[in-house]
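One file, structure.pdb, carrying PDB, C-alpha atoms:
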```pdb
ATOM      1  CA  MET A   1      89.852  79.219  52.691
ATOM      2  CA  SER A   2      87.319  77.648  50.288
ATOM      3  CA  GLU A   3      83.578  78.066  50.634
ATOM      4  CA  ALA A   4      83.199  74.330  51.313
ATOM      5  CA  GLY A   5      85.669  74.561  54.192
ATOM      6  CA  ARG A   6      83.697  77.404  55.728
ATOM      7  CA  THR A   7      80.315  75.682  55.557
ATOM      8  CA  SER A   8      81.704  72.422  56.954
ATOM      9  CA  ARG A   9      82.022  73.975  60.438
ATOM     10  CA  GLU A  10      79.070  73.973  62.753
ATOM     11  CA  VAL A  11      77.780  77.213  64.202
ATOM     12  CA  GLY A  12      79.205  77.744  67.681
ATOM     13  CA  THR A  13      82.525  75.967  67.042
ATOM     14  CA  LEU A  14      85.252  77.472  69.239
ATOM     15  CA  SER A  15      88.699  78.400  68.025
ATOM     16  CA  ALA A  16      91.866  76.709  69.301
ATOM     17  CA  ASP A  17      92.402  79.216  72.119
ATOM     18  CA  GLY A  18      88.701  79.397  72.966
ATOM     19  CA  SER A  19      88.442  83.154  72.484
ATOM     20  CA  ARG A  20      86.312  83.125  69.271
ATOM     21  CA  ALA A  21      83.281  81.228  67.980
ATOM     22  CA  TRP A  22      82.091  80.463  64.418
ATOM     23  CA  ASP A  23      78.714  82.071  63.617
ATOM     24  CA  GLY A  24      78.354  80.486  60.184
ATOM     25  CA  ARG A  25      80.164  83.246  58.316
ATOM     26  CA  PHE A  26      82.822  84.821  60.558
ATOM     27  CA  TRP A  27      84.848  84.192  63.717
ATOM     28  CA  VAL A  28      83.479  86.414  66.493
ATOM     29  CA  LEU A  29      84.712  86.984  70.030
ATOM     30  CA  THR A  30      82.915  85.008  72.695
ATOM     31  CA  PRO A  31      81.023  87.257  75.129
ATOM     32  CA  SER A  32      82.033  85.139  78.109
ATOM     33  CA  GLY A  33      85.743  85.543  77.387
ATOM     34  CA  HIS A  34      87.161  82.064  78.025
ATOM     35  CA  ARG A  35      90.626  83.541  78.534
ATOM     36  CA  LEU A  36      89.405  85.249  81.684
ATOM     37  CA  ASP A  37      88.009  82.061  83.191
ATOM     38  CA  GLY A  38      91.430  80.993  84.475
ATOM     39  CA  LEU A  39      92.120  84.284  86.276
ATOM     40  CA  PRO A  40      91.495  84.678  90.020
ATOM     41  CA  PRO A  41      88.543  86.783  91.237
ATOM     42  CA  LEU A  42      88.684  90.529  90.966
ATOM     43  CA  GLU A  43      89.198  91.067  94.706
ATOM     44  CA  VAL A  44      92.164  88.683  94.758
ATOM     45  CA  ARG A  45      93.749  90.385  91.748
ATOM     46  CA  ARG A  46      93.153  93.796  93.334
ATOM     47  CA  GLN A  47      94.825  92.778  96.584
ATOM     48  CA  ALA A  48      97.735  91.187  94.729
ATOM     49  CA  ALA A  49      98.276  94.368  92.736
ATOM     50  CA  GLU A  50      97.959  96.464  95.879
ATOM     51  CA  PHE A  51     100.399  94.576  98.076
ATOM     52  CA  SER A  52     102.847  93.037  95.621
ATOM     53  CA  PRO A  53     105.391  95.937  95.787
ATOM     54  CA  GLU A  54     105.553  95.937  99.591
ATOM     55  CA  ARG A  55     106.637  92.317  99.830
ATOM     56  CA  ARG A  56     109.938  93.542  98.468
ATOM     57  CA  TYR A  57     111.040  95.562 101.417
ATOM     58  CA  ARG A  58     113.076  97.954  99.267
ATOM     59  CA  LEU A  59     116.160  98.317 101.410
ATOM     60  CA  GLY A  60     117.561 100.421  98.590
ATOM     61  CA  LEU A  61     115.136 103.183  99.563
ATOM     62  CA  VAL A  62     116.465 102.992 103.117
ATOM     63  CA  VAL A  63     120.037 103.491 101.940
ATOM     64  CA  LEU A  64     118.946 106.231  99.522
ATOM     65  CA  ALA A  65     117.053 108.080 102.250
ATOM     66  CA  ALA A  66     120.038 107.873 104.601
ATOM     67  CA  ILE A  67     122.454 109.127 101.929
ATOM     68  CA  VAL A  68     120.181 112.000 100.922
ATOM     69  CA  GLY A  69     119.571 112.945 104.557
ATOM     70  CA  LEU A  70     123.279 112.957 105.400
ATOM     71  CA  THR A  71     124.099 114.917 102.254
ATOM     72  CA  ILE A  72     121.581 117.625 103.074
ATOM     73  CA  SER A  73     122.744 117.685 106.693
ATOM     74  CA  PHE A  74     126.400 118.306 105.880
ATOM     75  CA  ILE A  75     126.366 120.020 102.488
ATOM     76  CA  PRO A  76     127.711 123.601 102.672
ATOM     77  CA  ILE A  77     125.015 126.269 102.412
ATOM     78  CA  PRO A  78     126.245 129.637 101.102
ATOM     79  CA  ALA A  79     125.367 132.537 103.379
ATOM     80  CA  PRO A  80     126.451 136.174 103.628
ATOM     81  CA  SER A  81     129.270 136.975 105.986
ATOM     82  CA  PRO A  82     127.895 138.088 109.370
ATOM     83  CA  GLY A  83     128.987 141.435 110.709
ATOM     84  CA  SER A  84     128.626 140.666 114.394
ATOM     85  CA  LEU A  85     128.353 137.825 116.851
ATOM     86  CA  ASP A  86     124.578 138.167 117.082
ATOM     87  CA  SER A  87     124.273 137.986 113.295
ATOM     88  CA  ALA A  88     126.517 134.919 113.232
ATOM     89  CA  LEU A  89     124.395 133.130 115.862
ATOM     90  CA  THR A  90     121.188 134.056 114.040
ATOM     91  CA  GLU A  91     122.624 132.820 110.761
ATOM     92  CA  LEU A  92     123.721 129.563 112.405
ATOM     93  CA  ALA A  93     120.243 129.025 113.860
ATOM     94  CA  VAL A  94     118.546 129.668 110.503
ATOM     95  CA  VAL A  95     120.922 127.397 108.596
ATOM     96  CA  THR A  96     120.504 124.618 111.169
ATOM     97  CA  LEU A  97     116.722 124.928 111.002
ATOM     98  CA  LEU A  98     116.794 124.728 107.202
ATOM     99  CA  ARG A  99     119.047 121.668 107.303
ATOM    100  CA  VAL A 100     116.759 119.844 109.724
ATOM    101  CA  LEU A 101     113.627 120.787 107.781
ATOM    102  CA  PHE A 102     114.983 119.795 104.378
ATOM    103  CA  THR A 103     116.442 116.574 105.787
ATOM    104  CA  PHE A 104     113.120 115.550 107.313
ATOM    105  CA  VAL A 105     111.190 116.389 104.146
ATOM    106  CA  ALA A 106     113.560 114.459 101.889
ATOM    107  CA  VAL A 107     113.687 111.368 104.103
ATOM    108  CA  VAL A 108     109.914 111.334 104.641
ATOM    109  CA  VAL A 109     109.152 111.663 100.922
ATOM    110  CA  ILE A 110     111.550 108.854  99.978
ATOM    111  CA  LEU A 111     110.311 106.454 102.645
ATOM    112  CA  SER A 112     106.621 107.149 101.947
ATOM    113  CA  LEU A 113     106.812 106.037  98.314
ATOM    114  CA  GLY A 114     105.140 102.721  97.508
ATOM    115  CA  ARG A 115     102.263 100.839  99.095
ATOM    116  CA  GLN A 116     103.604  99.317 102.313
ATOM    117  CA  GLY A 117     102.389  98.129 105.671
ATOM    118  CA  ILE A 118     102.678 100.364 108.710
ATOM    119  CA  ASP A 119     105.159  97.969 110.307
ATOM    120  CA  VAL A 120     107.280  97.857 107.147
ATOM    121  CA  LEU A 121     107.285 101.645 107.062
ATOM    122  CA  LEU A 122     108.292 101.805 110.733
ATOM    123  CA  LEU A 123     111.098  99.314 110.169
ATOM    124  CA  ARG A 124     112.406 101.325 107.212
ATOM    125  CA  ALA A 125     112.266 104.570 109.186
ATOM    126  CA  MET A 126     114.171 103.057 112.111
ATOM    127  CA  LEU A 127     116.791 101.540 109.815
ATOM    128  CA  THR A 128     117.248 104.897 108.082
ATOM    129  CA  ALA A 129     117.606 106.678 111.426
ATOM    130  CA  PHE A 130     120.070 103.996 112.547
ATOM    131  CA  LEU A 131     122.260 104.507 109.465
ATOM    132  CA  MET A 132     122.176 108.282 109.831
ATOM    133  CA  GLY A 133     122.933 108.124 113.558
ATOM    134  CA  SER A 134     125.795 105.707 113.024
ATOM    135  CA  ALA A 135     127.297 107.957 110.348
ATOM    136  CA  VAL A 136     127.007 111.057 112.553
ATOM    137  CA  MET A 137     128.569 109.324 115.537
ATOM    138  CA  ALA A 138     131.355 107.908 113.359
ATOM    139  CA  LEU A 139     132.110 111.416 112.081
ATOM    140  CA  PHE A 140     132.188 112.876 115.595
ATOM    141  CA  PHE A 141     134.343 110.001 116.803
ATOM    142  CA  VAL A 142     136.874 110.580 113.988
ATOM    143  CA  LEU A 143     137.023 114.292 114.816
ATOM    144  CA  PHE A 144     137.380 113.485 118.517
ATOM    145  CA  VAL A 145     140.262 111.074 117.907
ATOM    146  CA  ARG A 146     142.160 113.607 115.800
ATOM    147  CA  ILE A 147     142.095 116.191 118.588
ATOM    148  CA  PRO A 148     145.403 115.949 120.502
ATOM    149  CA  ILE A 149     144.248 115.312 124.070
ATOM    150  CA  PRO A 150     146.210 113.478 126.772
ATOM    151  CA  VAL A 151     143.302 111.160 127.651
ATOM    152  CA  THR A 152     142.556 108.386 125.189
ATOM    153  CA  PRO A 153     138.950 107.108 125.251
ATOM    154  CA  ARG A 154     138.744 103.503 126.381
ATOM    155  CA  ILE A 155     135.351 102.889 124.750
ATOM    156  CA  PRO A 156     135.784 101.020 121.444
ATOM    157  CA  TRP A 157     134.624 103.064 118.488
ATOM    158  CA  PRO A 158     132.291 100.359 117.037
ATOM    159  CA  PHE A 159     130.329 100.450 120.283
ATOM    160  CA  VAL A 160     130.039 104.235 120.089
ATOM    161  CA  VAL A 161     128.855 104.080 116.487
ATOM    162  CA  MET A 162     126.308 101.342 117.203
ATOM    163  CA  LEU A 163     125.047 103.134 120.320
ATOM    164  CA  GLY A 164     124.561 106.362 118.390
ATOM    165  CA  GLY A 165     122.679 104.515 115.664
ATOM    166  CA  LEU A 166     120.403 102.812 118.196
ATOM    167  CA  ILE A 167     119.647 106.112 119.926
ATOM    168  CA  PHE A 168     118.703 107.708 116.618
ATOM    169  CA  ALA A 169     116.598 104.673 115.638
ATOM    170  CA  VAL A 170     114.641 104.554 118.918
ATOM    171  CA  LEU A 171     114.122 108.293 119.395
ATOM    172  CA  LEU A 172     113.971 109.617 115.827
ATOM    173  CA  GLY A 173     112.638 106.598 113.933
ATOM    174  CA  PRO A 174     109.006 106.791 115.181
ATOM    175  CA  VAL A 175     108.789 110.486 114.276
ATOM    176  CA  VAL A 176     109.980 109.805 110.732
ATOM    177  CA  ALA A 177     107.639 106.798 110.486
ATOM    178  CA  LEU A 178     104.594 108.797 111.570
ATOM    179  CA  LEU A 179     105.297 111.588 109.073
ATOM    180  CA  SER A 180     105.944 109.005 106.346
ATOM    181  CA  ALA A 181     102.636 107.285 107.125
ATOM    182  CA  LEU A 182     100.782 110.583 106.814
ATOM    183  CA  ALA A 183     102.555 111.273 103.514
ATOM    184  CA  ASN A 184     101.686 107.764 102.298
ATOM    185  CA  LEU A 185      98.018 108.394 103.057
ATOM    186  CA  LEU A 186      98.291 111.669 101.154
ATOM    187  CA  TRP A 187      99.820 109.969  98.094
ATOM    188  CA  TYR A 188      97.583 106.879  97.886
ATOM    189  CA  ARG A 189      94.491 107.922  99.920
ATOM    190  CA  SER A 190      94.025 104.374 101.188
ATOM    191  CA  LEU A 191      94.272 103.152 104.759
ATOM    192  CA  ARG A 192      94.200  99.546 103.538
ATOM    193  CA  SER A 193      97.711  99.847 102.159
ATOM    194  CA  LEU A 194      99.046 100.528 105.671
ATOM    195  CA  ARG A 195      97.853  97.228 107.139
ATOM    196  CA  ALA A 196     100.612  95.427 109.039
ATOM    197  CA  GLN A 197     102.379  92.682 107.102
ATOM    198  CA  LEU A 198     105.399  91.516 109.063
ATOM    199  CA  GLY A 199     105.423  88.550 111.405
ATOM    200  CA  ILE A 200     104.490  88.730 115.043
ATOM    201  CA  VAL A 201     108.116  88.414 116.200
ATOM    202  CA  ILE A 202     109.298  91.458 114.245
ATOM    203  CA  ARG A 203     106.258  93.440 115.348
ATOM    204  CA  ILE A 204     106.995  92.598 118.998
ATOM    205  CA  VAL A 205     110.587  93.825 118.532
ATOM    206  CA  LEU A 206     109.285  97.049 116.984
ATOM    207  CA  ALA A 207     106.798  97.394 119.839
ATOM    208  CA  GLY A 208     109.660  97.003 122.334
ATOM    209  CA  ALA A 209     111.581  99.818 120.616
ATOM    210  CA  LEU A 210     108.486 102.033 120.684
ATOM    211  CA  ALA A 211     107.907 101.238 124.358
ATOM    212  CA  THR A 212     111.529 102.200 125.085
ATOM    213  CA  ASN A 213     110.973 105.509 123.301
ATOM    214  CA  ILE A 214     107.849 106.172 125.378
ATOM    215  CA  ALA A 215     109.658 105.311 128.634
ATOM    216  CA  ILE A 216     112.634 107.561 127.837
ATOM    217  CA  SER A 217     110.354 110.436 126.834
ATOM    218  CA  PHE A 218     108.278 110.004 129.984
ATOM    219  CA  TRP A 219     111.422 110.009 132.141
ATOM    220  CA  ALA A 220     112.772 113.097 130.345
ATOM    221  CA  SER A 221     109.495 114.974 130.752
ATOM    222  CA  GLY A 222     109.292 114.058 134.427
ATOM    223  CA  TYR A 223     112.947 114.876 135.094
ATOM    224  CA  GLY A 224     112.753 118.227 133.324
ATOM    225  CA  HIS A 225     109.175 118.995 134.424
ATOM    226  CA  ASN A 226     108.322 119.622 130.778
ATOM    227  CA  PHE A 227     105.323 117.856 129.266
ATOM    228  CA  ASN A 228     106.391 118.875 125.747
ATOM    229  CA  SER A 229     109.220 116.345 125.893
ATOM    230  CA  TRP A 230     106.722 113.500 126.176
ATOM    231  CA  VAL A 231     104.371 114.927 123.535
ATOM    232  CA  LEU A 232     107.106 115.510 120.950
ATOM    233  CA  GLY A 233     109.121 112.414 121.829
ATOM    234  CA  GLY A 234     106.747 109.749 123.084
ATOM    235  CA  GLY A 235     103.623 110.933 121.272
ATOM    236  CA  PRO A 236     104.636 109.675 117.791
ATOM    237  CA  ALA A 237     105.880 106.398 119.312
ATOM    238  CA  ALA A 238     102.554 105.872 121.104
ATOM    239  CA  VAL A 239     100.605 106.547 117.896
ATOM    240  CA  MET A 240     102.776 104.139 115.911
ATOM    241  CA  LEU A 241     102.434 101.480 118.629
ATOM    242  CA  VAL A 242      98.645 101.648 118.363
ATOM    243  CA  MET A 243      98.651 101.661 114.560
ATOM    244  CA  VAL A 244     100.984  98.650 114.249
ATOM    245  CA  PHE A 245      98.543  96.413 116.122
ATOM    246  CA  LEU A 246      95.223  98.152 115.482
ATOM    247  CA  LEU A 247      95.431  98.111 111.691
ATOM    248  CA  ARG A 248      96.297  94.422 111.687
ATOM    249  CA  LYS A 249      93.396  93.585 114.004
ATOM    250  CA  SER A 250      90.824  95.654 112.157
ATOM    251  CA  ALA A 251      91.874  94.206 108.808
ATOM    252  CA  SER A 252      91.416  90.638 110.043
ATOM    253  CA  ARG A 253      87.885  91.382 111.198
ATOM    254  CA  THR A 254      86.802  92.823 107.871
ATOM    255  CA  SER A 255      84.810  90.512 105.649
ATOM    256  CA  PRO A 256      85.631  90.142 101.936
ATOM    257  CA  ASP A 257      82.313  91.728 100.967
ATOM    258  CA  GLU A 258      83.032  94.802 103.081
ATOM    259  CA  ARG A 259      86.583  95.146 101.749
ATOM    260  CA  ALA A 260      85.369  95.007  98.137
TER
END
```
Just dump the structure as structure tokens.
Amino acid sequence: MSEAGRTSREVGTLSADGSRAWDGRFWVLTPSGHRLDGLPPLEVRRQAAEFSPERRYRLGLVVLAAIVGLTISFIPIPAPSPGSLDSALTELAVVTLLRVLFTFVAVVVILSLGRQGIDVLLLRAMLTAFLMGSAVMALFFVLFVRIPIPVTPRIPWPFVVMLGGLIFAVLLGPVVALLSALANLLWYRSLRSLRAQLGIVIRIVLAGALATNIAISFWASGYGHNFNSWVLGGGPAAVMLVMVFLLRKSASRTSPDERA
């Protein structure tokens, strides 16, 4: 560019995109940054970045968690040949304990990934438990049908599979959800990411499932005179029931200045 062309511009002239200004000799960046003027406030951008992944409910993680859990549950584990009946029972107990432990750890880790609301996490956990329960009941039903017995079951097999999945979802889902919520807090160290997001209808359905879990656990503890049944069964459901509604209510009462 010629010297005459440079001097013809006035000092302070903005470039075409508004990001630079002419100081008489060179184009310099504007301190105000006109490109940033069209962006939303920092708090809005922060919330959008925080909650954008959880709007995609990631049903693929549900299927992945169910597949991994079933694989660990039924994969053969090599073990030395027992020499007696007591050794065989001990080996069976240890192998079963390892299967349950590894299955829980794998499912919890998979479901806890990603920033998600507490109700979304509960829904994923119950769907995963439903898939695993349905698969287990379908396997037992196939083995039961192949056994040559004179009595043929009159209950249709889809009903058995669905019933098994619902039992797993109601009884096992809250436990998996509570452990996944604790793991999510460990990964992201933010209680804000667990705020409820689903609609009131879905949250009422989830609350009904949790209330059913609490009622069944209370009946089992009273019938068996064992308080541990309620603590281990209904305790996680009661905690999840409080968190589903408490986190939503506390988040709505928080002002933007306090959340920043």
Worksheet item: Once the PyMOL selection byres ((chain A and resi 65) around 8) has been applied to the shown file, what residues remain in the selection, as a PyMOL selection string?
Response: chain A and resi 61-64+66-69+106-107+110-111+128
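For the set A:Val105, A:Val239, A:Ile118, A:Val170, the residue with the smallest atom-to-atom gap to A:Thr212 is A:Val170, counting only C-alpha atoms.
Across A:Ala169, A:Gly83, A:Val242, A:Leu194, the tightest approach to A:Ala129 is made by A:Ala169 when counting only C-alpha atoms.
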Item to complete: Given the file shown, determine the residues that the PyMOL selection byres ((chain A and resi 179) around 10) selects; report them as number ranges by chain.
Response: A: 104-105, 107-109, 111-112, 125, 174-178, 180-185, 236
Discussion item. Using all atoms listed in the file for the distances, tell me which of A:Val244, A:Val28, A:Val161, A:Ala88 is nearest to A:Leu198.
Written reply: A:Val244
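When atom CA of A:Gly114 is paired with atom CA of A:Gln197, their separation reads 14.2 Å.
If you look at atom CA of A:Arg9 and atom CA of A:Phe26, they are 10.9 Å away from each other.
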